[in-house]
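Here's data.cif, which has mmCIF, C-alpha atoms:
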data_my_file
#
loop_
_atom_site.label_atom_id
_atom_site.label_comp_id
_atom_site.auth_asym_id
_atom_site.auth_seq_id
_atom_site.Cartn_x
_atom_site.Cartn_y
_atom_site.Cartn_z
CA MET A 288 98.98 156.07 -78.59
CA THR A 289 99.44 157.16 -82.21
CA HIS A 290 96.14 159.01 -82.34
CA LEU A 291 96.52 160.78 -79.02
CA PRO A 292 95.85 164.35 -80.29
CA TYR A 293 92.53 163.28 -81.82
CA ILE A 294 91.47 161.46 -78.66
CA VAL A 295 92.47 164.36 -76.40
CA ALA A 296 90.65 166.84 -78.67
CA ALA A 297 87.48 164.71 -78.75
CA TYR A 298 87.36 164.26 -74.96
CA GLY A 299 88.36 167.88 -74.30
CA LEU A 300 85.65 169.21 -76.59
CA THR A 301 82.96 166.95 -75.13
CA LEU A 302 83.83 167.72 -71.51
CA GLY A 303 84.28 171.43 -72.27
CA VAL A 304 80.84 171.75 -73.87
CA ALA A 305 79.26 169.69 -71.07
CA ALA A 306 80.93 171.95 -68.48
CA ILE A 307 79.76 175.15 -70.23
CA LEU A 308 76.17 173.87 -70.46
CA SER A 309 76.18 172.71 -66.81
CA VAL A 310 77.70 175.91 -65.40
CA ASN A 311 75.37 178.07 -67.49
CA ALA A 312 72.29 176.12 -66.30
CA THR A 313 73.45 176.24 -62.66
CA ILE A 314 74.11 179.99 -62.68
CA ARG A 315 70.82 180.73 -64.44
CA LEU A 316 68.87 178.57 -61.98
CA ARG A 317 70.61 180.13 -58.98
CA GLN A 318 69.94 183.68 -60.19
CA ALA A 319 66.28 182.93 -60.99
CA ARG A 320 65.77 181.30 -57.59
CA LYS A 321 67.37 184.25 -55.79
CA ARG A 322 65.35 186.81 -57.74
CA LEU A 323 62.06 184.94 -57.26
CA ALA A 324 62.71 184.57 -53.53
CA ALA A 325 63.37 188.32 -53.27
CA ILE A 326 60.16 189.17 -55.14
CA GLU A 327 57.97 186.68 -53.32
CA GLN A 328 59.30 187.67 -49.86
CA PRO A 329 56.24 188.50 -47.73
CA GLY A 330 55.93 192.14 -46.70
CA ARG A 331 58.24 193.36 -49.42
CA THR A 332 56.92 196.00 -51.76
CA ARG A 333 56.85 194.56 -55.26
CA ARG A 334 58.47 197.07 -57.53
CA PRO A 335 59.75 196.50 -61.02
CA SER A 336 63.53 196.76 -61.06
CA MET B 30 31.76 164.74 -78.03
CA ASN B 31 32.98 161.79 -80.09
CA ALA B 32 35.42 159.09 -78.87
CA THR B 33 38.54 160.78 -80.31
CA GLN B 34 37.69 164.14 -78.73
CA SER B 35 36.95 162.44 -75.41
CA LEU B 36 40.31 160.60 -75.49
CA THR B 37 42.14 163.85 -76.38
CA ALA B 38 40.42 165.69 -73.52
CA ARG B 39 41.20 162.93 -71.00
CA THR B 40 44.85 162.71 -72.10
CA GLY B 41 45.05 166.50 -72.02
CA ASN B 42 43.79 166.54 -68.42
CA LEU B 43 46.44 163.99 -67.49
CA PHE B 44 49.23 166.16 -68.99
CA HIS B 45 47.86 169.41 -67.58
CA ARG B 46 47.93 167.98 -64.07
CA TYR B 47 51.72 168.43 -64.29
CA ALA B 48 51.54 171.87 -65.94
CA ASN B 49 51.09 173.73 -62.65
CA PRO B 50 54.33 175.74 -62.23
CA GLY B 51 54.43 175.33 -58.45
CA ARG B 52 53.94 171.58 -58.66
CA PHE B 53 56.53 171.33 -61.44
CA LEU B 54 59.10 173.34 -59.45
CA ARG B 55 58.59 171.14 -56.35
CA MET B 56 58.88 167.95 -58.45
CA GLY B 57 61.87 169.33 -60.38
CA ALA B 58 63.74 170.25 -57.20
CA LYS B 59 63.29 166.70 -55.90
CA LEU B 60 64.28 165.10 -59.20
CA GLN B 61 67.34 167.31 -59.89
CA PRO B 62 69.88 165.56 -57.58
CA TRP B 63 68.69 162.13 -58.76
CA LEU B 64 69.70 163.11 -62.29
CA THR B 65 72.80 165.22 -61.59
CA TRP B 66 74.84 163.02 -59.26
CA PRO B 67 74.30 159.69 -61.07
CA ALA B 68 75.09 161.52 -64.33
CA LEU B 69 78.43 162.74 -62.97
CA ALA B 70 79.31 159.37 -61.41
CA LEU B 71 78.37 157.25 -64.44
CA SER B 72 80.02 159.61 -66.95
CA ALA B 73 83.23 159.75 -64.91
CA ALA B 74 83.30 155.95 -64.50
CA GLY B 75 82.62 155.40 -68.21
CA ILE B 76 85.27 157.90 -69.34
CA VAL B 77 87.94 156.46 -67.01
CA CYS B 78 87.10 152.89 -68.11
CA GLY B 79 87.01 153.92 -71.76
CA LEU B 80 90.31 155.78 -71.65
CA PHE B 81 92.39 153.53 -69.43
CA PHE B 82 90.84 150.08 -68.99
CA SER B 83 89.08 149.13 -72.23
CA PRO B 84 91.19 147.43 -74.89
CA ALA B 85 92.36 149.07 -78.12
CA ASP B 86 90.64 147.87 -81.28
CA TRP B 87 92.59 145.42 -83.43
CA GLN B 88 91.98 147.56 -86.54
CA GLN B 89 91.47 151.11 -85.24
CA GLY B 90 93.93 151.02 -82.36
CA ASP B 91 93.44 153.58 -79.61
CA SER B 92 91.32 155.93 -81.71
CA VAL B 93 88.37 153.63 -80.95
CA ARG B 94 88.30 155.37 -77.53
CA ILE B 95 86.64 158.34 -79.25
CA MET B 96 83.61 156.03 -79.52
CA TYR B 97 82.91 156.43 -75.78
CA VAL B 98 82.06 160.11 -76.26
CA HIS B 99 80.94 160.08 -79.91
CA VAL B 100 78.24 157.39 -79.67
CA PRO B 101 76.51 158.87 -76.56
CA THR B 102 76.42 162.33 -78.18
CA ALA B 103 75.01 160.80 -81.39
CA TRP B 104 72.33 159.01 -79.35
CA LEU B 105 71.53 162.24 -77.49
CA ALA B 106 71.40 164.32 -80.67
CA SER B 107 68.61 162.07 -82.00
CA SER B 108 66.79 161.42 -78.72
CA GLY B 109 67.00 165.13 -77.81
CA TYR B 110 65.25 165.97 -81.07
CA MET B 111 62.71 163.23 -80.36
CA ALA B 112 62.00 164.96 -77.03
CA LEU B 113 61.64 168.24 -78.93
CA ALA B 114 59.15 166.60 -81.31
CA VAL B 115 57.13 165.21 -78.37
CA CYS B 116 57.06 168.71 -76.80
CA SER B 117 55.91 170.08 -80.17
CA LEU B 118 53.07 167.54 -80.27
CA LEU B 119 52.05 168.37 -76.69
CA SER B 120 52.13 172.06 -77.58
CA LEU B 121 50.13 171.80 -80.80
CA VAL B 122 47.50 169.29 -79.64
CA TRP B 123 47.06 170.08 -75.93
CA ARG B 124 48.53 173.63 -75.71
CA HIS B 125 50.64 172.43 -72.80
CA PRO B 126 52.43 175.50 -71.37
CA LEU B 127 55.43 173.55 -70.03
CA ALA B 128 55.91 171.83 -73.39
CA ASP B 129 56.64 175.20 -75.02
CA LEU B 130 59.12 176.18 -72.32
CA ALA B 131 60.74 172.71 -72.52
CA ALA B 132 61.10 173.07 -76.30
CA VAL B 133 62.82 176.45 -75.81
CA GLU B 134 65.30 174.86 -73.39
CA ILE B 135 65.93 171.58 -75.24
CA GLY B 136 66.88 173.34 -78.49
CA PRO B 137 70.22 174.93 -77.49
CA VAL B 138 71.33 171.88 -75.48
CA GLY B 139 70.45 169.55 -78.37
CA ALA B 140 72.23 171.78 -80.88
CA ALA B 141 75.39 171.88 -78.72
CA ILE B 142 75.36 168.10 -78.32
CA THR B 143 74.81 167.59 -82.07
CA ALA B 144 77.75 169.91 -82.80
CA VAL B 145 79.90 167.83 -80.42
CA CYS B 146 78.71 164.65 -82.17
CA LEU B 147 79.73 166.05 -85.57
CA ALA B 148 83.07 167.33 -84.25
CA THR B 149 84.01 164.10 -82.45
CA GLY B 150 82.94 162.19 -85.55
CA SER B 151 85.35 164.29 -87.62
CA LEU B 152 88.10 163.75 -85.05
CA TRP B 153 87.50 160.01 -85.35
CA GLY B 154 87.15 160.12 -89.13
CA LYS B 155 90.42 161.91 -89.82
CA PRO B 156 92.77 159.16 -88.51
CA MET B 157 90.47 156.32 -89.71
CA TRP B 158 89.19 157.50 -93.09
CA GLY B 159 91.91 160.03 -93.83
CA THR B 160 89.42 162.89 -94.08
CA TRP B 161 87.57 165.19 -91.69
CA TRP B 162 84.30 165.03 -93.63
CA VAL B 163 82.55 163.12 -96.41
CA TRP B 164 79.08 163.82 -97.81
CA ASP B 165 77.99 160.41 -96.59
CA ALA B 166 74.29 159.74 -95.84
CA ARG B 167 74.80 159.36 -92.07
CA LEU B 168 76.99 162.43 -91.67
CA THR B 169 74.80 164.57 -93.92
CA SER B 170 71.57 163.56 -92.16
CA VAL B 171 73.12 164.44 -88.76
CA LEU B 172 74.26 167.80 -90.20
CA VAL B 173 70.65 168.36 -91.32
CA LEU B 174 69.57 167.57 -87.73
CA PHE B 175 71.98 170.25 -86.48
CA PHE B 176 70.44 172.78 -88.88
CA LEU B 177 66.95 171.73 -87.72
CA TYR B 178 67.97 172.50 -84.14
CA LEU B 179 69.35 175.90 -85.22
CA GLY B 180 66.16 176.61 -87.19
CA HIS B 181 64.05 175.72 -84.15
CA ILE B 182 66.14 177.97 -81.87
CA ALA B 183 65.80 180.89 -84.30
CA LEU B 184 62.09 180.37 -85.04
CA ILE B 185 60.92 180.02 -81.44
CA ARG B 186 62.49 183.40 -80.62
CA ALA B 187 61.59 185.13 -83.90
CA PHE B 188 58.21 186.64 -82.94
CA ASP B 189 57.35 189.51 -80.59
CA GLU B 190 54.37 187.48 -79.45
CA PRO B 191 55.85 184.29 -77.89
CA GLN B 192 52.78 182.12 -78.63
CA ARG B 193 53.26 182.60 -82.38
CA GLY B 194 56.89 181.55 -82.05
CA TYR B 195 55.90 178.46 -80.06
CA ARG B 196 53.35 177.39 -82.71
CA ALA B 197 55.72 177.94 -85.66
CA ALA B 198 58.62 176.18 -83.92
CA ALA B 199 56.34 173.29 -82.89
CA ILE B 200 55.42 172.71 -86.55
CA LEU B 201 59.11 172.72 -87.48
CA GLY B 202 59.87 170.41 -84.54
CA LEU B 203 57.28 167.87 -85.71
CA ALA B 204 58.16 168.11 -89.41
CA GLY B 205 61.88 167.78 -88.65
CA ALA B 206 61.30 164.47 -86.87
CA ILE B 207 61.27 162.86 -90.32
CA ASP B 208 65.07 163.19 -90.20
CA LEU B 209 65.33 160.77 -87.25
CA PRO B 210 64.48 157.52 -89.13
CA ILE B 211 66.67 158.77 -92.01
CA ILE B 212 69.62 159.08 -89.59
CA LYS B 213 68.88 155.69 -88.05
CA PHE B 214 68.51 153.74 -91.30
CA SER B 215 70.92 155.77 -93.46
CA VAL B 216 73.66 153.15 -92.99
CA GLN B 217 71.30 150.45 -94.25
CA TRP B 218 69.53 152.32 -97.04
CA TRP B 219 72.68 153.73 -98.63
CA ASN B 220 76.20 152.52 -99.14
CA THR B 221 77.97 154.70 -96.59
CA LEU B 222 81.51 155.17 -95.33
CA HIS B 223 80.11 155.31 -91.81
CA GLN B 224 80.03 151.89 -90.20
CA PRO B 225 76.68 150.14 -89.57
CA ASP B 226 75.18 150.06 -86.03
CA SER B 227 77.16 147.86 -83.63
CA ILE B 228 74.27 147.65 -81.18
CA THR B 229 70.75 146.81 -82.34
CA VAL B 230 67.52 146.00 -80.50
CA THR B 231 67.11 142.58 -82.10
CA GLY B 232 70.64 141.30 -82.67
CA ALA B 233 73.59 140.66 -80.37
CA PRO B 234 76.15 143.50 -80.16
CA THR B 235 79.08 143.14 -82.55
CA MET B 236 81.64 144.48 -80.10
CA SER B 237 83.48 143.02 -77.17
CA THR B 238 81.89 143.20 -73.70
CA SER B 239 84.99 145.01 -72.41
CA MET B 240 84.12 147.86 -74.81
CA LEU B 241 80.37 147.60 -74.29
CA TRP B 242 80.53 148.36 -70.55
CA PRO B 243 82.25 151.76 -70.76
CA LEU B 244 80.01 152.67 -73.68
CA GLY B 245 76.91 151.77 -71.66
CA LEU B 246 78.17 153.81 -68.70
CA THR B 247 78.91 156.96 -70.73
CA THR B 248 75.64 156.63 -72.68
CA LEU B 249 73.58 156.35 -69.49
CA GLY B 250 75.63 159.06 -67.74
CA PHE B 251 75.40 161.52 -70.65
CA THR B 252 71.64 160.84 -71.00
CA LEU B 253 71.06 161.61 -67.32
CA GLY B 254 73.33 164.66 -67.69
CA PHE B 255 71.29 165.89 -70.66
CA GLY B 256 68.13 165.43 -68.57
CA ALA B 257 69.71 167.25 -65.61
CA ILE B 258 70.80 170.24 -67.72
CA VAL B 259 67.43 170.53 -69.48
CA LEU B 260 65.59 170.19 -66.15
CA ALA B 261 67.74 172.91 -64.52
CA ARG B 262 67.18 175.24 -67.50
CA LEU B 263 63.44 174.48 -67.48
CA ARG B 264 63.19 175.17 -63.73
CA ALA B 265 65.01 178.48 -64.27
CA SER B 266 62.70 179.29 -67.18
CA VAL B 267 59.55 178.61 -65.10
CA MET B 268 60.93 180.81 -62.30
CA GLU B 269 61.78 183.60 -64.79
CA SER B 270 58.27 183.35 -66.22
CA ARG B 271 56.83 183.63 -62.70
CA ILE B 272 59.02 186.68 -62.00
CA ARG B 273 57.76 188.36 -65.19
CA THR B 274 54.13 187.63 -64.23
CA ILE B 275 54.57 189.03 -60.71
CA LEU B 276 56.32 192.16 -61.99
CA ALA B 277 53.66 192.71 -64.66
CA ALA B 278 50.89 192.38 -62.05
CA SER B 279 52.77 194.79 -59.78
CA ARG B 280 53.10 197.32 -62.62
CA GLY B 281 49.38 196.93 -63.36
CA ARG B 282 48.46 197.64 -59.72
CA GLN B 283 50.77 200.67 -59.58
CA SER B 284 49.30 202.01 -62.80
CA ALA B 285 45.75 201.57 -61.42
CA GLN B 286 46.70 203.40 -58.20
CA THR B 287 48.35 206.35 -59.97
CA ASN B 288 45.63 206.78 -62.65
CA PRO B 289 42.32 205.76 -60.99
CA GLN B 290 40.30 208.20 -63.10
CA THR B 291 41.71 206.96 -66.38
CA ASP B 292 40.95 203.36 -65.35
CA SER B 293 37.37 204.14 -64.25
CA ALA B 294 36.81 206.09 -67.46
CA ALA B 295 38.07 203.14 -69.46
CA VAL B 296 35.66 200.83 -67.60
#

Re-express the file's structure as structure tokens.
Amino acid sequence: MTHLPYIVAAYGLTLGVAAILSVNATIRLRQARKRLAAIEQPGRTRRPS
Amino acid sequence: MNATQSLTARTGNLFHRYANPGRFLRMGAKLQPWLTWPALALSAAGIVCGLFFSPADWQQGDSVRIMYVHVPTAWLASSGYMALAVCSLLSLVWRHPLADLAAVEIGPVGAAITAVCLATGSLWGKPMWGTWWVWDARLTSVLVLFFLYLGHIALIRAFDEPQRGYRAAAILGLAGAIDLPIIKFSVQWWNTLHQPDSITVTGAPTMSTSMLWPLGLTTLGFTLGFGAIVLARLRASVMESRIRTILAASRGRQSAQTNPQTDSAAV
């Protein structure tokens, strides 16, 4: 492979950006779900944090 | 009410049926695994096939393997903006609340994918053309698309009152869609260094089937992945919006309890 560095860089960049976007979306969704569940819990006093 | 208004109202009702946050969150939760897991499987299969099993090109050699990530990102850069333009239309015509939130979430993902498309294009261009960049019609129009995404991201967050940001960004989203046909037909309208499309709707593909399969797998996988990421962000955004509403209502109740006289005087 004469063009190996270019190929590795292209795949690395694509997978890296995809991983960052996926992890970011997963963490954000998990935090939102947890926070909403805590607020919507019946019997719990709703207070702004 | 004339025929056009009646059609707009009926179509609006159809869209608004899916604007209920609770219904959207239930539907989104069901849809999420159907996008995420096939996206991972298809992308992995396509990348492995593209890297290790597809043949090298007789002219380009192994650098043609960059195609398996560059072409899907190019497709997603354009189709992501198309989705943004559709959200803009839904926002401007029917004031669809989810369309605004979707536009907020599509923007950063689309911009990141467009940046990857430009970068992988440069990484392919350097060994093939001998340069990282040329002011060629295709490359320039995709760069303009990247700036349109950045403009949309900035504009939608630029106002203290979110609704004003949504309206302004929706206008930019719709106006920017003019760049999409320019990107598509740039290789036909102008004499460009970028190669013409290898796959068209009407004609047979001009590449070997052994290259077409991995490309199809990564394109489908990346598209589902794009959908999965945007859906996850949109679900989070709807939940965050619900949290803000609940907290605001709670603050309002507390304020009414602590200052009953002020409230009754105001009434």

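Nearest to chain B of all the residues A:Ala297, A:Ile314, A:Ala305, A:Ala325 is A:Ala297, counting all atoms listed in the file.
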
inquiry  = For a quick check of understanding, using all atoms listed in the file, which of B:Gly250, B:Pro62, B:Pro156, B:Pro50 has the smallest distance to chain A?
reply    =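 The shortest atom-to-atom distance to chain A comes from B:Pro156.
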
request  = Would you kindly translate the PyMOL selection byres ((chain B) within 8 of (chain A)) into the concrete residues it picks from this file, as a ChimeraX atom specification?
outcome  = /B:91-92,94-95,98,138,141-142,145,148-149,152-153,156,258,261-262,264-265,268-269,271-272,275-276,279-280

I need the chosen residues saved as a PDB file, in the frame of the given file, with C-alpha atoms.
ATOM      1  CA  ASP B  91      93.440 153.580 -79.610  1.00  0.00           C
ATOM      2  CA  SER B  92      91.320 155.930 -81.710  1.00  0.00           C
ATOM      3  CA  ARG B  94      88.300 155.370 -77.530  1.00  0.00           C
ATOM      4  CA  ILE B  95      86.640 158.340 -79.250  1.00  0.00           C
ATOM      5  CA  VAL B  98      82.060 160.110 -76.260  1.00  0.00           C
ATOM      6  CA  VAL B 138      71.330 171.880 -75.480  1.00  0.00           C
ATOM      7  CA  ALA B 141      75.390 171.880 -78.720  1.00  0.00           C
ATOM      8  CA  ILE B 142      75.360 168.100 -78.320  1.00  0.00           C
ATOM      9  CA  VAL B 145      79.900 167.830 -80.420  1.00  0.00           C
ATOM     10  CA  ALA B 148      83.070 167.330 -84.250  1.00  0.00           C
ATOM     11  CA  THR B 149      84.010 164.100 -82.450  1.00  0.00           C
ATOM     12  CA  LEU B 152      88.100 163.750 -85.050  1.00  0.00           C
ATOM     13  CA  TRP B 153      87.500 160.010 -85.350  1.00  0.00           C
ATOM     14  CA  PRO B 156      92.770 159.160 -88.510  1.00  0.00           C
ATOM     15  CA  ILE B 258      70.800 170.240 -67.720  1.00  0.00           C
ATOM     16  CA  ALA B 261      67.740 172.910 -64.520  1.00  0.00           C
ATOM     17  CA  ARG B 262      67.180 175.240 -67.500  1.00  0.00           C
ATOM     18  CA  ARG B 264      63.190 175.170 -63.730  1.00  0.00           C
ATOM     19  CA  ALA B 265      65.010 178.480 -64.270  1.00  0.00           C
ATOM     20  CA  MET B 268      60.930 180.810 -62.300  1.00  0.00           C
ATOM     21  CA  GLU B 269      61.780 183.600 -64.790  1.00  0.00           C
ATOM     22  CA  ARG B 271      56.830 183.630 -62.700  1.00  0.00           C
ATOM     23  CA  ILE B 272      59.020 186.680 -62.000  1.00  0.00           C
ATOM     24  CA  ILE B 275      54.570 189.030 -60.710  1.00  0.00           C
ATOM     25  CA  LEU B 276      56.320 192.160 -61.990  1.00  0.00           C
ATOM     26  CA  SER B 279      52.770 194.790 -59.780  1.00  0.00           C
ATOM     27  CA  ARG B 280      53.100 197.320 -62.620  1.00  0.00           C
TER      28      ARG B 280
END

message = One number please: CA of Ala277 in chain B to CA of Trp123 in chain B, in Å, one decimal.
response = 26.1 Å

message = Residues within 9 Å of Thr248 in chain B, please, as a list in words. Count all atoms listed in the file; anything in the same chain fewer than 5 positions from it doesn't count.
response =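 With the cut-off at 9 Å, the set is Leu71, Ser72, Gly75, Tyr97, Val98, Val100, Pro101, Thr102, Trp104, Leu105, Pro243 and Leu253 of chain B.
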
Write the residues you've just listed into a file as a JSON list (two decimals), in the coordinates of the input, and include C-alpha atoms for each of them.
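Output file part25.json is given in full below:
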[["chain", "number", "residue", "atom", "x", "y", "z"],
["B", 71, "LEU", "CA", 78.37, 157.25, -64.44],
["B", 72, "SER", "CA", 80.02, 159.61, -66.95],
["B", 75, "GLY", "CA", 82.62, 155.40, -68.21],
["B", 97, "TYR", "CA", 82.91, 156.43, -75.78],
["B", 98, "VAL", "CA", 82.06, 160.11, -76.26],
["B", 100, "VAL", "CA", 78.24, 157.39, -79.67],
["B", 101, "PRO", "CA", 76.51, 158.87, -76.56],
["B", 102, "THR", "CA", 76.42, 162.33, -78.18],
["B", 104, "TRP", "CA", 72.33, 159.01, -79.35],
["B", 105, "LEU", "CA", 71.53, 162.24, -77.49],
["B", 243, "PRO", "CA", 82.25, 151.76, -70.76],
["B", 253, "LEU", "CA", 71.06, 161.61, -67.32]]

request  = Provide the CA of Leu168 in chain B to CA of Ala114 in chain B distance in Å, to one decimal place.
outcome  =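 CA of Ala114 in chain B lies 21.0 Å from CA of Leu168 in chain B.
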
task = Enter the distance from CA of Ala199 in chain B to CA of Cys116 in chain B, in Å, rounded to one decimal.
result = 7.7 Å

query = What's the 9 Å shell around range 174-182 of chain B, counting all atoms listed in the file, without same-chain residues fewer than 5 positions away, as a ChimeraX atom specification?
reply = /B:106-107,110,132-133,136-137,139-141,143-144,147,169,187,197-199,201-202,205-206,208-209,212

Just need the box for range 162-166 of chain B, edges along x, y and z, holding every atom the file lists for it with 6 Å tacked onto each side, so centre and edge lengths in Å to one decimal, as JSON.
{"center_x": 79.3, "center_y": 162.4, "center_z": -95.7, "size_x": 22.0, "size_y": 17.3, "size_z": 16.2}

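Omitting Thr65 in chain B and its sequence neighbours fewer than 2 positions away, and counting only C-alpha atoms, the residues within 9 Å are Leu60, Gln61, Pro62, Trp63, Pro67, Ala68, Leu69, Ala70, Leu253, Gly254, Gly256, Ala257 and Ile258 of chain B.
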
message = Set the distance at 12 Å and use only C-alpha atoms: which residues neighbour Trp164 in chain B once local chain neighbours fewer than 5 positions away are removed? I'd like the list as a PyMOL selection string.
response = chain B and resi 151+169-173+219-223

query = Do you know which residues lie at most 12 Å from (56.6, 186.0, -75.5), with coordinates as in the file and only C-alpha atoms counted, and could you write them as a list of chain:residue names?
reply = B:Asp129, B:Leu130, B:Val133, B:Ile185, B:Arg186, B:Ala187, B:Phe188, B:Asp189, B:Glu190, B:Pro191, B:Gln192, B:Arg193, B:Gly194, B:Tyr195, B:Arg196, B:Ser270, B:Arg273, B:Thr274

key: Residue IDs satisfying the PyMOL selection byres ((chain B and resi 237) around 12), as number ranges by chain   = B: 83-87, 227-228, 233-236, 238-244
